[in-house]
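Next up, start_14.txt (compact mmCIF, C-alpha atoms):
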```txt
# COMPACT_ATOMS: atom_id res chain seq x y z
CA MET Q 1482 26.07 -17.54 -27.50
CA THR Q 1483 25.53 -18.70 -31.07
CA GLY Q 1484 23.47 -21.39 -32.72
CA PRO Q 1485 24.00 -23.41 -35.88
CA GLY Q 1486 25.83 -21.65 -38.67
CA GLY Q 1487 27.10 -18.92 -36.33
CA ALA Q 1488 23.62 -17.41 -35.85
CA LYS Q 1489 22.79 -16.04 -32.45
CA ASP Q 1490 21.12 -18.54 -30.16
CA PRO Q 1491 17.69 -17.05 -29.24
CA TYR Q 1492 17.84 -18.64 -25.79
CA GLY Q 1493 21.15 -16.91 -25.11
CA VAL Q 1494 19.88 -13.59 -26.49
CA LEU Q 1495 16.88 -13.62 -24.13
CA GLY Q 1496 18.91 -15.09 -21.26
CA VAL Q 1497 16.59 -18.04 -20.62
CA SER Q 1498 17.22 -21.78 -20.38
CA ARG Q 1499 16.04 -24.24 -23.01
CA ASP Q 1500 13.38 -25.60 -20.65
CA ALA Q 1501 11.98 -22.14 -19.88
CA SER Q 1502 8.21 -21.80 -20.00
CA GLN Q 1503 6.47 -19.57 -22.54
CA GLU Q 1504 5.59 -17.18 -19.72
CA ASP Q 1505 9.26 -16.95 -18.65
CA ILE Q 1506 10.25 -16.22 -22.24
CA LYS Q 1507 7.60 -13.53 -22.50
CA LYS Q 1508 8.75 -11.88 -19.26
CA ALA Q 1509 12.39 -11.92 -20.36
CA TYR Q 1510 11.46 -10.38 -23.70
CA ARG Q 1511 9.36 -7.62 -22.13
CA LYS Q 1512 12.25 -6.66 -19.88
CA LEU Q 1513 14.86 -6.64 -22.65
CA VAL Q 1514 12.81 -4.82 -25.26
CA ARG Q 1515 12.45 -1.85 -22.93
CA THR Q 1516 16.09 -1.66 -21.92
CA CYS Q 1517 17.49 -2.32 -25.41
CA HIS Q 1518 15.31 0.08 -27.38
CA PRO Q 1519 17.43 2.67 -29.22
CA ASP Q 1520 15.37 5.52 -27.77
CA ALA Q 1521 16.40 4.35 -24.30
CA ASN Q 1522 20.07 4.22 -25.32
CA PRO Q 1523 20.92 7.49 -27.11
CA GLY Q 1524 24.45 7.52 -28.44
CA ASP Q 1525 24.83 3.74 -28.32
CA ALA Q 1526 25.60 2.61 -31.86
CA GLU Q 1527 24.99 -1.05 -31.03
CA ALA Q 1528 21.58 -0.52 -29.40
CA GLU Q 1529 19.73 -0.96 -32.70
CA GLN Q 1530 21.41 -4.31 -33.41
CA ARG Q 1531 20.71 -5.59 -29.89
CA PHE Q 1532 17.09 -4.52 -30.22
CA LYS Q 1533 16.75 -6.35 -33.54
CA ALA Q 1534 18.39 -9.47 -32.07
CA VAL Q 1535 16.01 -9.48 -29.10
CA ASN Q 1536 12.97 -9.19 -31.39
CA GLU Q 1537 14.28 -11.91 -33.71
CA ALA Q 1538 14.90 -14.21 -30.72
CA TYR Q 1539 11.37 -13.67 -29.46
CA ARG Q 1540 9.94 -14.16 -32.97
CA ILE Q 1541 11.32 -17.68 -32.78
CA LEU Q 1542 10.79 -18.61 -29.14
CA GLY Q 1543 7.51 -16.75 -28.73
CA ASP Q 1544 5.84 -19.03 -31.28
CA PRO Q 1545 5.62 -22.63 -29.95
CA GLU Q 1546 5.77 -24.10 -33.48
CA LYS Q 1547 8.84 -22.09 -34.46
CA ARG Q 1548 10.44 -22.86 -31.13
CA GLU Q 1549 9.92 -26.60 -31.60
CA ARG Q 1550 11.35 -26.41 -35.13
CA TYR Q 1551 14.37 -24.51 -33.85
CA ASP Q 1552 14.93 -27.02 -31.02
CA ARG Q 1553 14.79 -29.92 -33.49
CA PHE Q 1554 16.59 -28.51 -36.54
CA GLY Q 1555 18.41 -25.41 -35.29
CA VAL Q 1556 16.50 -23.08 -37.67
CA ALA Q 1557 13.07 -21.50 -37.72
CA ASP Q 1558 10.82 -21.15 -40.79
CA ASP Q 1559 11.46 -18.65 -43.53
CA GLY Q 1560 7.82 -17.91 -44.16
CA PRO Q 1561 6.11 -14.51 -44.37
CA GLY Q 1562 7.18 -12.14 -41.64
CA ALA Q 1563 10.23 -14.21 -40.66
CA GLY Q 1564 12.56 -11.26 -40.97
CA ASP Q 1565 10.05 -8.80 -39.50
CA PRO Q 1566 10.51 -8.48 -35.73
CA PHE Q 1567 6.85 -7.55 -35.46
CA GLY Q 1568 5.55 -10.58 -37.36
CA GLY Q 1569 3.97 -8.54 -40.17
CA GLY Q 1570 1.45 -6.12 -38.70
CA PHE Q 1571 2.23 -7.27 -35.14
CA GLY Q 1572 0.76 -10.74 -35.78
CA PRO Q 1573 -0.04 -12.80 -32.65
CA PHE Q 1574 1.96 -10.40 -30.45
CA GLY Q 1575 -0.11 -7.30 -31.22
CA ASP Q 1576 -1.42 -6.80 -27.71
CA MET Q 1577 2.03 -7.04 -26.19
CA PHE Q 1578 3.60 -4.60 -28.66
CA GLY Q 1579 0.61 -2.32 -28.18
CA ASP Q 1580 1.45 -2.09 -24.47
CA ILE Q 1581 5.15 -1.51 -25.09
CA PHE Q 1582 4.81 1.19 -27.75
CA GLU Q 1583 1.94 2.85 -25.93
CA ASN Q 1584 4.35 3.44 -23.04
CA MET Q 1585 7.21 4.45 -25.35
CA PHE Q 1586 5.36 6.86 -27.60
CA GLY Q 1587 2.28 7.81 -25.60
CA GLY Q 1588 -0.12 6.31 -28.13
CA GLY Q 1589 -1.88 3.02 -28.57
CA GLY Q 1590 -5.38 4.43 -28.34
CA ARG Q 1591 -6.36 2.41 -25.24
CA ASN Q 1592 -6.87 5.42 -22.99
CA ARG Q 1593 -7.29 8.02 -25.64
CA ALA Q 1594 -6.94 11.67 -24.72
CA GLY Q 1595 -10.27 13.42 -24.31
CA GLY Q 1596 -12.06 10.21 -23.34
CA PRO Q 1597 -13.56 9.42 -19.93
CA ARG Q 1598 -10.97 9.12 -17.18
CA ARG Q 1599 -11.35 7.77 -13.69
CA GLY Q 1600 -10.70 10.29 -10.91
CA ASP Q 1601 -7.69 10.07 -8.61
CA ASP Q 1602 -7.85 8.23 -5.30
CA VAL Q 1603 -7.47 10.18 -2.06
CA GLU Q 1604 -5.90 8.93 1.18
CA MET Q 1605 -6.42 10.42 4.64
CA VAL Q 1606 -5.10 9.47 8.10
CA VAL Q 1607 -7.58 9.12 10.98
CA ASN Q 1608 -6.38 8.84 14.58
CA ILE Q 1609 -8.49 6.88 17.07
CA SER Q 1610 -8.04 5.71 20.65
CA LEU Q 1611 -7.54 2.10 21.68
CA LYS Q 1612 -11.03 2.06 23.15
CA GLU Q 1613 -12.48 3.26 19.83
CA ALA Q 1614 -10.49 0.58 18.05
CA PHE Q 1615 -11.97 -1.94 20.49
CA SER Q 1616 -15.62 -0.99 19.96
CA GLY Q 1617 -15.54 0.55 16.48
CA VAL Q 1618 -16.41 4.16 15.76
CA THR Q 1619 -17.98 6.38 13.12
CA ARG Q 1620 -15.92 9.43 12.17
CA GLU Q 1621 -16.81 12.36 9.95
CA VAL Q 1622 -13.90 13.51 7.81
CA ALA Q 1623 -13.72 16.77 5.88
CA LEU Q 1624 -12.59 16.28 2.31
CA LYS Q 1625 -11.57 18.99 -0.14
CA ARG Q 1626 -11.88 18.08 -3.79
CA MET Q 1627 -12.58 19.56 -7.20
CA GLU Q 1628 -16.22 19.24 -8.22
CA THR Q 1629 -18.33 20.37 -11.16
CA CYS Q 1630 -18.91 24.13 -11.13
CA ASP Q 1631 -22.55 24.93 -10.35
CA ARG Q 1632 -22.45 28.23 -12.24
CA CYS Q 1633 -21.47 26.85 -15.65
CA GLY Q 1634 -22.44 23.19 -15.16
CA GLY Q 1635 -18.90 22.10 -15.95
CA SER Q 1636 -18.67 23.72 -19.39
CA GLY Q 1637 -16.17 26.33 -18.20
CA ALA Q 1638 -18.03 29.06 -20.12
CA GLU Q 1639 -19.85 32.00 -18.59
CA PRO Q 1640 -23.61 31.34 -18.77
CA GLY Q 1641 -25.06 32.85 -21.96
CA THR Q 1642 -21.79 32.64 -23.90
CA GLY Q 1643 -20.78 30.07 -26.48
CA VAL Q 1644 -18.30 27.23 -26.67
CA LYS Q 1645 -16.54 26.63 -30.00
CA THR Q 1646 -14.86 23.57 -31.41
CA CYS Q 1647 -11.10 23.61 -30.90
CA PRO Q 1648 -9.49 24.56 -34.25
CA VAL Q 1649 -6.30 22.62 -33.47
CA CYS Q 1650 -7.76 19.14 -32.85
CA GLY Q 1651 -11.12 19.64 -34.58
CA GLY Q 1652 -13.02 18.76 -31.42
CA SER Q 1653 -11.44 15.35 -30.87
CA GLY Q 1654 -9.31 16.48 -27.92
CA GLN Q 1655 -6.35 14.64 -29.49
CA VAL Q 1656 -3.52 15.39 -31.83
CA GLU Q 1657 -1.56 12.82 -33.82
CA GLN Q 1658 2.13 12.97 -34.56
CA GLN Q 1659 4.13 10.71 -36.83
CA GLN Q 1660 7.55 9.52 -35.70
CA ASN Q 1661 9.98 7.90 -38.10
CA THR Q 1662 12.25 5.28 -36.53
CA PRO Q 1663 14.63 2.66 -37.96
CA PHE Q 1664 11.81 0.17 -37.45
CA GLY Q 1665 9.09 2.02 -39.30
CA THR Q 1666 6.72 4.94 -38.88
CA PHE Q 1667 4.76 5.17 -35.67
CA VAL Q 1668 1.83 7.43 -34.92
CA SER Q 1669 1.53 8.76 -31.38
CA VAL Q 1670 -1.72 10.16 -30.04
CA SER Q 1671 -1.60 12.75 -27.27
CA GLU Q 1672 -3.87 15.22 -25.57
CA CYS Q 1673 -4.42 18.49 -27.41
CA ARG Q 1674 -2.61 21.22 -25.49
CA ALA Q 1675 -4.71 23.98 -27.00
CA CYS Q 1676 -7.94 22.77 -25.37
CA GLY Q 1677 -6.61 20.47 -22.64
CA GLY Q 1678 -8.25 17.44 -24.24
CA THR Q 1679 -11.78 18.84 -24.11
CA GLY Q 1680 -12.07 19.53 -27.85
CA LYS Q 1681 -13.61 22.92 -27.07
CA LYS Q 1682 -12.54 26.56 -26.98
CA ILE Q 1683 -14.33 28.86 -24.53
CA GLU Q 1684 -15.27 32.37 -25.71
CA GLN Q 1685 -15.69 33.82 -22.20
CA PRO Q 1686 -14.48 31.83 -19.17
CA CYS Q 1687 -16.88 31.26 -16.28
CA GLY Q 1688 -16.46 33.82 -13.51
CA ALA Q 1689 -16.66 31.16 -10.80
CA CYS Q 1690 -14.26 28.49 -12.09
CA HIS Q 1691 -12.30 30.67 -14.56
CA GLY Q 1692 -12.87 28.23 -17.38
CA ALA Q 1693 -11.80 25.08 -15.54
CA GLY Q 1694 -15.33 23.72 -15.21
CA LYS Q 1695 -14.54 22.68 -11.64
CA VAL Q 1696 -14.25 24.42 -8.30
CA GLN Q 1697 -12.81 23.26 -5.00
CA LYS Q 1698 -15.47 22.25 -2.52
CA GLN Q 1699 -15.37 20.82 0.96
CA ARG Q 1700 -17.61 17.95 1.84
CA LYS Q 1701 -18.00 15.72 4.85
CA VAL Q 1702 -17.89 11.97 4.57
CA GLU Q 1703 -18.98 9.53 7.27
CA VAL Q 1704 -16.47 6.74 7.79
CA ARG Q 1705 -17.41 3.61 9.72
CA ILE Q 1706 -14.29 2.19 11.38
CA PRO Q 1707 -14.93 -1.43 12.43
CA ALA Q 1708 -13.97 -2.95 15.76
CA GLY Q 1709 -10.55 -4.58 15.89
CA VAL Q 1710 -8.67 -2.21 13.56
CA ASP Q 1711 -4.99 -1.57 14.22
CA THR Q 1712 -2.44 0.96 13.03
CA GLY Q 1713 -1.90 0.32 9.33
CA THR Q 1714 -5.47 -0.82 8.61
CA ARG Q 1715 -6.59 0.76 5.32
CA LEU Q 1716 -10.30 1.24 4.64
CA ARG Q 1717 -11.77 1.96 1.19
CA ILE Q 1718 -14.82 4.16 0.62
CA GLY Q 1719 -15.78 3.78 -3.01
CA GLY Q 1720 -16.55 6.82 -5.15
CA GLU Q 1721 -15.46 9.44 -2.60
CA GLY Q 1722 -12.17 10.35 -4.28
CA ARG Q 1723 -11.55 12.97 -6.97
CA GLU Q 1724 -14.16 13.51 -9.66
CA GLY Q 1725 -13.54 11.79 -12.97
CA LEU Q 1726 -12.76 13.66 -16.18
CA ASN Q 1727 -14.98 13.79 -19.23
CA GLY Q 1728 -17.69 11.74 -17.57
CA GLY Q 1729 -15.33 9.20 -16.03
CA PRO Q 1730 -16.12 7.63 -12.62
CA PRO Q 1731 -14.76 9.18 -9.42
CA GLY Q 1732 -11.80 7.73 -7.55
CA ASP Q 1733 -11.97 6.15 -4.12
CA LEU Q 1734 -11.23 7.47 -0.63
CA TYR Q 1735 -8.79 5.44 1.47
CA ILE Q 1736 -8.66 5.87 5.24
CA ALA Q 1737 -5.36 4.95 6.90
CA VAL Q 1738 -6.11 4.18 10.56
CA ARG Q 1739 -3.64 5.11 13.30
CA VAL Q 1740 -4.41 3.79 16.80
CA GLU Q 1741 -3.00 5.99 19.56
CA LYS Q 1742 -0.92 4.58 22.40
CA ASP Q 1743 -2.69 3.70 25.66
CA ARG Q 1744 -0.74 4.08 28.91
CA ARG Q 1745 -2.39 1.00 30.41
CA PHE Q 1746 -1.87 -1.49 27.60
CA GLU Q 1747 0.67 -2.66 25.09
CA ARG Q 1748 -0.92 -4.16 21.98
CA ASP Q 1749 0.39 -7.14 20.04
CA ARG Q 1750 -2.08 -7.64 17.16
CA ASP Q 1751 -5.23 -9.00 18.88
CA ASP Q 1752 -3.55 -9.50 22.28
CA LEU Q 1753 -3.08 -6.93 25.04
CA HIS Q 1754 -0.43 -6.76 27.75
CA THR Q 1755 -0.77 -4.91 31.04
CA ARG Q 1756 0.91 -4.75 34.48
CA ALA Q 1757 -0.58 -5.48 37.89
CA SER Q 1758 1.04 -4.75 41.23
CA VAL Q 1759 0.68 -7.23 44.12
CA SER Q 1760 2.09 -7.19 47.62
CA PHE Q 1761 4.54 -9.77 48.91
CA PRO Q 1762 1.88 -11.58 50.98
CA GLN Q 1763 -0.45 -11.75 47.94
CA ALA Q 1764 2.31 -13.16 45.77
CA ALA Q 1765 3.46 -15.59 48.46
CA LEU Q 1766 0.08 -16.82 49.68
CA GLY Q 1767 -2.08 -16.29 46.61
CA SER Q 1768 -4.97 -13.88 46.15
CA THR Q 1769 -7.68 -12.58 43.83
CA ILE Q 1770 -7.20 -9.10 42.38
CA SER Q 1771 -9.07 -6.85 39.95
CA VAL Q 1772 -7.37 -6.04 36.64
CA ASP Q 1773 -8.38 -3.42 34.06
CA SER Q 1774 -9.32 -4.49 30.54
CA VAL Q 1775 -10.46 -2.23 27.71
CA ASP Q 1776 -14.13 -2.92 28.44
CA GLY Q 1777 -14.09 -3.08 32.24
CA GLY Q 1778 -12.57 -4.91 35.19
CA ARG Q 1779 -11.62 -8.57 35.32
CA GLU Q 1780 -10.88 -10.82 38.28
CA LEU Q 1781 -7.51 -12.52 38.23
CA GLU Q 1782 -6.43 -15.42 40.44
CA ILE Q 1783 -2.87 -15.02 41.76
CA PRO Q 1784 -1.45 -18.51 42.47
CA PRO Q 1785 0.54 -18.94 45.73
CA GLY Q 1786 4.26 -18.47 45.22
CA SER Q 1787 3.91 -16.18 42.20
CA GLN Q 1788 7.13 -14.41 41.29
CA GLY Q 1789 7.69 -10.87 40.10
CA GLY Q 1790 7.65 -10.85 36.30
CA SER Q 1791 5.28 -13.80 36.06
CA VAL Q 1792 2.77 -13.53 33.20
CA LEU Q 1793 -0.82 -14.67 33.73
CA ARG Q 1794 -3.43 -14.93 31.00
CA ILE Q 1795 -7.07 -13.86 30.98
CA LYS Q 1796 -8.54 -15.64 27.98
CA GLY Q 1797 -10.74 -13.74 25.52
CA SER Q 1798 -10.21 -10.31 27.09
CA GLY Q 1799 -8.03 -8.78 24.38
CA MET Q 1800 -9.02 -6.95 21.18
CA PRO Q 1801 -11.78 -8.13 18.83
CA ARG Q 1802 -10.46 -9.93 15.76
CA LEU Q 1803 -10.95 -7.74 12.70
CA ARG Q 1804 -11.20 -10.72 10.39
CA GLY Q 1805 -12.85 -13.53 12.25
CA SER Q 1806 -14.77 -14.04 15.47
CA GLY Q 1807 -13.80 -13.84 19.10
CA ARG Q 1808 -11.13 -11.81 20.86
CA GLY Q 1809 -7.46 -12.04 21.65
CA GLU Q 1810 -5.98 -12.59 25.10
CA LEU Q 1811 -5.10 -10.23 27.96
CA TYR Q 1812 -1.68 -10.97 29.46
CA VAL Q 1813 -0.99 -9.63 32.96
CA HIS Q 1814 2.64 -9.08 34.03
CA LEU Q 1815 2.98 -9.23 37.82
CA VAL Q 1816 5.00 -6.64 39.73
CA VAL Q 1817 5.66 -7.57 43.37
CA GLU Q 1818 5.74 -4.38 45.44
CA VAL Q 1819 8.11 -3.91 48.39
CA PRO Q 1820 6.93 -1.29 50.94
CA LYS Q 1821 9.27 1.68 51.34
CA LYS Q 1822 8.08 2.39 54.89
CA MET Q 1823 6.80 -0.01 57.56
CA THR Q 1824 5.39 0.35 61.02
CA GLU Q 1825 7.29 -1.08 63.99
CA ARG Q 1826 4.95 -4.05 64.13
CA GLU Q 1827 5.28 -4.72 60.39
CA ARG Q 1828 9.08 -4.57 60.70
CA THR Q 1829 9.03 -6.93 63.67
CA LEU Q 1830 6.90 -9.42 61.76
CA VAL Q 1831 9.13 -9.27 58.68
CA GLU Q 1832 12.24 -9.77 60.87
CA ALA Q 1833 10.58 -12.75 62.50
CA LEU Q 1834 9.79 -14.17 59.05
CA ALA Q 1835 13.39 -13.62 57.98
CA ARG Q 1836 14.68 -15.51 61.07
CA GLU Q 1837 12.20 -18.29 60.38
CA MET Q 1838 13.36 -18.51 56.75
CA LYS Q 1839 17.02 -18.23 57.87
CA VAL Q 1840 17.52 -15.13 55.74
CA GLU Q 1841 20.09 -12.55 56.82
CA VAL Q 1842 18.73 -9.01 57.00
CA ARG Q 1843 19.96 -5.71 58.40
CA ASP Q 1844 19.45 -5.27 62.17
CA ALA Q 1845 16.71 -2.68 62.37
CA GLY Q 1846 17.48 -1.85 66.05
CA LEU Q 1847 21.12 -1.03 65.22
CA VAL Q 1848 20.07 1.20 62.38
CA ASP Q 1849 17.77 3.17 64.69
CA LYS Q 1850 20.54 3.68 67.27
CA LEU Q 1851 22.94 4.98 64.61
CA LYS Q 1852 20.30 7.39 63.36
CA GLN Q 1853 19.77 8.74 66.89
CA PHE Q 1854 23.54 9.08 67.50
CA PHE Q 1855 24.14 11.09 64.34
CA GLY Q 1856 21.07 13.17 64.88
```

Re-express the file's structure as structure tokens.
Amino acid sequence: MTGPGGAKDPYGVLGVSRDASQEDIKKAYRKLVRTCHPDANPGDAEAEQRFKAVNEAYRILGDPEKRERYDRFGVADDGPGAGDPFGGGFGPFGDMFGDIFENMFGGGGRNRAGGPRRGDDVEMVVNISLKEAFSGVTREVALKRMETCDRCGGSGAEPGTGVKTCPVCGGSGQVEQQQNTPFGTFVSVSECRACGGTGKKIEQPCGACHGAGKVQKQRKVEVRIPAGVDTGTRLRIGGEGREGLNGGPPGDLYIAVRVEKDRRFERDRDDLHTRASVSFPQAALGSTISVDSVDGGRELEIPPGSQGGSVLRIKGSGMPRLRGSGRGELYVHLVVEVPKKMTERERTLVEALAREMKVEVRDAGLVDKLKQFFG
């Protein structure tokens, strides 16, 4: 798509509509500048031109005044920096280009090598029972992590020996490297490989940590698991992750909760489902039975004429709500039991009931005679 005079239309270059917001334009530019950069397209002779076109389009649309001028007259200004995709020393887009080229070339100086770094987070899985999930529980977890060596105090040097300044980086923990590109000279800053970013060279490594300054230790952490948790609940314990580097803060410990299956209950978020067996007379005439819940028995009224598969609710007898007050519900699924064996009297009474209800059933007397005949 082209604009006046055959020039490329910046809206078409960025793939946005003319009524796009500044945020939409910024997002489109960020995406394109990464994919169109020549370093990301080795061997593509046209990559450099596309990259320049994308930057020129954003130079116009990224500035509200230039964008308005382009919308009205079809051209942007020709002032200082107009032909420079970076606006002359990065201009108002410095922060954005800082992010992009920091990722591309490892520099930018925002998280400089050798500086304090936050420790890594650690995640562990803890299995608990449904009853523990109901009431909450405190668990002690064993955590292995690298901690400061007690022998050398973290210096990595054997006590009584010296630590020298790294001759490669001069003690900064960083090395700089210039890179010449079609768009100018860039300086990348990376961690010094000779000293690992510490800026120091150890004369004699510590016998305990072998120069690392850290040793693996096991520690126990108490974790309070609140009532109402379910599988997938993730708990954060601040500062219990890996130790930071160069004085940086430690990471966090995350506990992934897994609630084990319970043979009595099926869980549906805060609600519980269970089964209860009742006899035919109880289902037909109604009754009161005792039903298990996680925290004890509950009485359940069986209405007369209840059918097998009916679902009755006991309000507020489910799981505690993790976020909020109260509890879920307990749903009871009725199973009407049919006796496999009956006494003569029971059979006689059931046959009488069948005749009364005009229901055809097998003649029990005939069945007994056949059994006797065939032994």

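The shortest atom-to-atom distance to Q:Val1772, with only C-alpha atoms taken into account, belongs to Q:Tyr1812 out of Q:Ser1787, Q:Tyr1510, Q:Tyr1812, Q:Glu1537.
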
- List the neighbours of stretch 1739-1751 of chain Q out to 6 Å using all atoms listed in the file; skip same-chain residues closer than 6 positions along the sequence, and give me the result as a ChimeraX atom specification. /Q:1608-1610,1711-1712,1800,1809

Just C-alpha atoms for this one: save the residues we selected as a JSON list (two decimals), in the frame of the given file.
```
[["chain", "number", "residue", "atom", "x", "y", "z"],
["Q", 1608, "ASN", "CA", -6.38, 8.84, 14.58],
["Q", 1609, "ILE", "CA", -8.49, 6.88, 17.07],
["Q", 1610, "SER", "CA", -8.04, 5.71, 20.65],
["Q", 1711, "ASP", "CA", -4.99, -1.57, 14.22],
["Q", 1712, "THR", "CA", -2.44, 0.96, 13.03],
["Q", 1800, "MET", "CA", -9.02, -6.95, 21.18],
["Q", 1809, "GLY", "CA", -7.46, -12.04, 21.65]]
```

- Message: Residues near stretch 1757-1761 of chain Q, anyone? I mean within 8 Å using all atoms listed in the file, not counting same-chain ones fewer than 4 positions away, as a ChimeraX atom specification.
- Response: /Q:1765,1772,1813-1819

Could you work out an axis-aligned bounding box for all listed atoms of stretch 1790-1807 of chain Q, with 4 Å added on each of the six sides, and give its centre and edge lengths in Å to one decimal, as JSON?
```
{"center_x": -3.6, "center_y": -11.3, "center_z": 23.3, "size_x": 30.4, "size_y": 16.7, "size_z": 33.9}
```

- Item | Which of Q:Asp1776, Q:Pro1648, Q:Gly1600, Q:Lys1695 sits closest to Q:Gly1728 [using all atoms listed in the file] |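 Answer, going by the shortest atom-to-atom distance: Q:Gly1600.
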
- Interatomic distance (Å, one decimal) between atom CA of Q:Lys1698 and atom CA of Q:Gly1678: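 Separating atom CA of Q:Lys1698 from atom CA of Q:Gly1678 is a distance of 23.4 Å.
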
- Message: The residues within 12 Å of (-15.6, 35.7, -20.7), using only C-alpha atoms and the coordinates of the file, should be reported as JSON, numbers by chain; which are they?
- Response: {"Q": [1633, 1637, 1638, 1639, 1640, 1641, 1642, 1643, 1644, 1682, 1683, 1684, 1685, 1686, 1687, 1688, 1689, 1690, 1691, 1692]}

- Pick out the residues sitting within 10 Å of Q:Glu1721, and hand them over as a list in words; count only C-alpha atoms, and ignore anything fewer than 4 positions along from it in its own chain.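 What passes the distance filter is Gly1600, Asp1601, Asp1602, Val1603, Leu1624, Arg1626, Arg1700, Val1702, Arg1717, Pro1731, Gly1732, Asp1733, Leu1734 and Tyr1735 of chain Q.
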
Start from the incomplete input, build N, CA and C atoms for stretch 1511-1529 of chain Q, and deliver everything as an mmCIF file, in the frame of the given file.
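Once everything was written out, this is out_9.cif:
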```cif
data_model
loop_
_atom_site.group_PDB
_atom_site.id
_atom_site.type_symbol
_atom_site.label_atom_id
_atom_site.label_comp_id
_atom_site.auth_asym_id
_atom_site.auth_seq_id
_atom_site.Cartn_x
_atom_site.Cartn_y
_atom_site.Cartn_z
ATOM 1 N N ARG Q 1511 9.898 -8.913 -22.539
ATOM 2 C CA ARG Q 1511 9.360 -7.620 -22.130
ATOM 3 C C ARG Q 1511 10.423 -6.758 -21.460
ATOM 4 N N LYS Q 1512 11.211 -7.397 -20.607
ATOM 5 C CA LYS Q 1512 12.250 -6.660 -19.880
ATOM 6 C C LYS Q 1512 13.329 -6.150 -20.832
ATOM 7 N N LEU Q 1513 13.768 -7.016 -21.749
ATOM 8 C CA LEU Q 1513 14.860 -6.640 -22.650
ATOM 9 C C LEU Q 1513 14.434 -5.616 -23.681
ATOM 10 N N VAL Q 1514 13.216 -5.721 -24.197
ATOM 11 C CA VAL Q 1514 12.810 -4.820 -25.260
ATOM 12 C C VAL Q 1514 12.718 -3.381 -24.779
ATOM 13 N N ARG Q 1515 12.481 -3.205 -23.483
ATOM 14 C CA ARG Q 1515 12.450 -1.850 -22.930
ATOM 15 C C ARG Q 1515 13.856 -1.295 -22.753
ATOM 16 N N THR Q 1516 14.739 -2.136 -22.224
ATOM 17 C CA THR Q 1516 16.090 -1.660 -21.920
ATOM 18 C C THR Q 1516 16.955 -1.544 -23.163
ATOM 19 N N CYS Q 1517 16.656 -2.313 -24.216
ATOM 20 C CA CYS Q 1517 17.490 -2.320 -25.410
ATOM 21 C C CYS Q 1517 16.996 -1.381 -26.503
ATOM 22 N N HIS Q 1518 15.836 -0.778 -26.322
ATOM 23 C CA HIS Q 1518 15.310 0.080 -27.380
ATOM 24 C C HIS Q 1518 16.267 1.237 -27.641
ATOM 25 N N PRO Q 1519 16.510 1.582 -28.903
ATOM 26 C CA PRO Q 1519 17.430 2.670 -29.220
ATOM 27 C C PRO Q 1519 17.066 3.997 -28.558
ATOM 28 N N ASP Q 1520 15.771 4.267 -28.413
ATOM 29 C CA ASP Q 1520 15.370 5.520 -27.770
ATOM 30 C C ASP Q 1520 15.812 5.579 -26.315
ATOM 31 N N ALA Q 1521 15.965 4.391 -25.695
ATOM 32 C CA ALA Q 1521 16.400 4.350 -24.300
ATOM 33 C C ALA Q 1521 17.918 4.328 -24.180
ATOM 34 N N ASN Q 1522 18.608 4.274 -25.332
ATOM 35 C CA ASN Q 1522 20.070 4.220 -25.320
ATOM 36 C C ASN Q 1522 20.659 5.214 -26.322
ATOM 37 N N PRO Q 1523 20.398 6.501 -26.155
ATOM 38 C CA PRO Q 1523 20.920 7.490 -27.110
ATOM 39 C C PRO Q 1523 22.449 7.471 -27.114
ATOM 40 N N GLY Q 1524 22.996 7.502 -28.319
ATOM 41 C CA GLY Q 1524 24.450 7.520 -28.440
ATOM 42 C C GLY Q 1524 25.084 6.152 -28.482
ATOM 43 N N ASP Q 1525 24.294 5.098 -28.282
ATOM 44 C CA ASP Q 1525 24.830 3.740 -28.320
ATOM 45 C C ASP Q 1525 24.621 3.172 -29.714
ATOM 46 N N ALA Q 1526 25.709 3.042 -30.470
ATOM 47 C CA ALA Q 1526 25.600 2.610 -31.860
ATOM 48 C C ALA Q 1526 25.136 1.163 -31.980
ATOM 49 N N GLU Q 1527 25.349 0.364 -30.950
ATOM 50 C CA GLU Q 1527 24.990 -1.050 -31.030
ATOM 51 C C GLU Q 1527 23.581 -1.335 -30.506
ATOM 52 N N ALA Q 1528 22.907 -0.312 -29.994
ATOM 53 C CA ALA Q 1528 21.580 -0.520 -29.400
ATOM 54 C C ALA Q 1528 20.598 -1.055 -30.430
ATOM 55 N N GLU Q 1529 20.668 -0.536 -31.667
ATOM 56 C CA GLU Q 1529 19.730 -0.960 -32.700
ATOM 57 C C GLU Q 1529 19.896 -2.444 -33.014
#
```
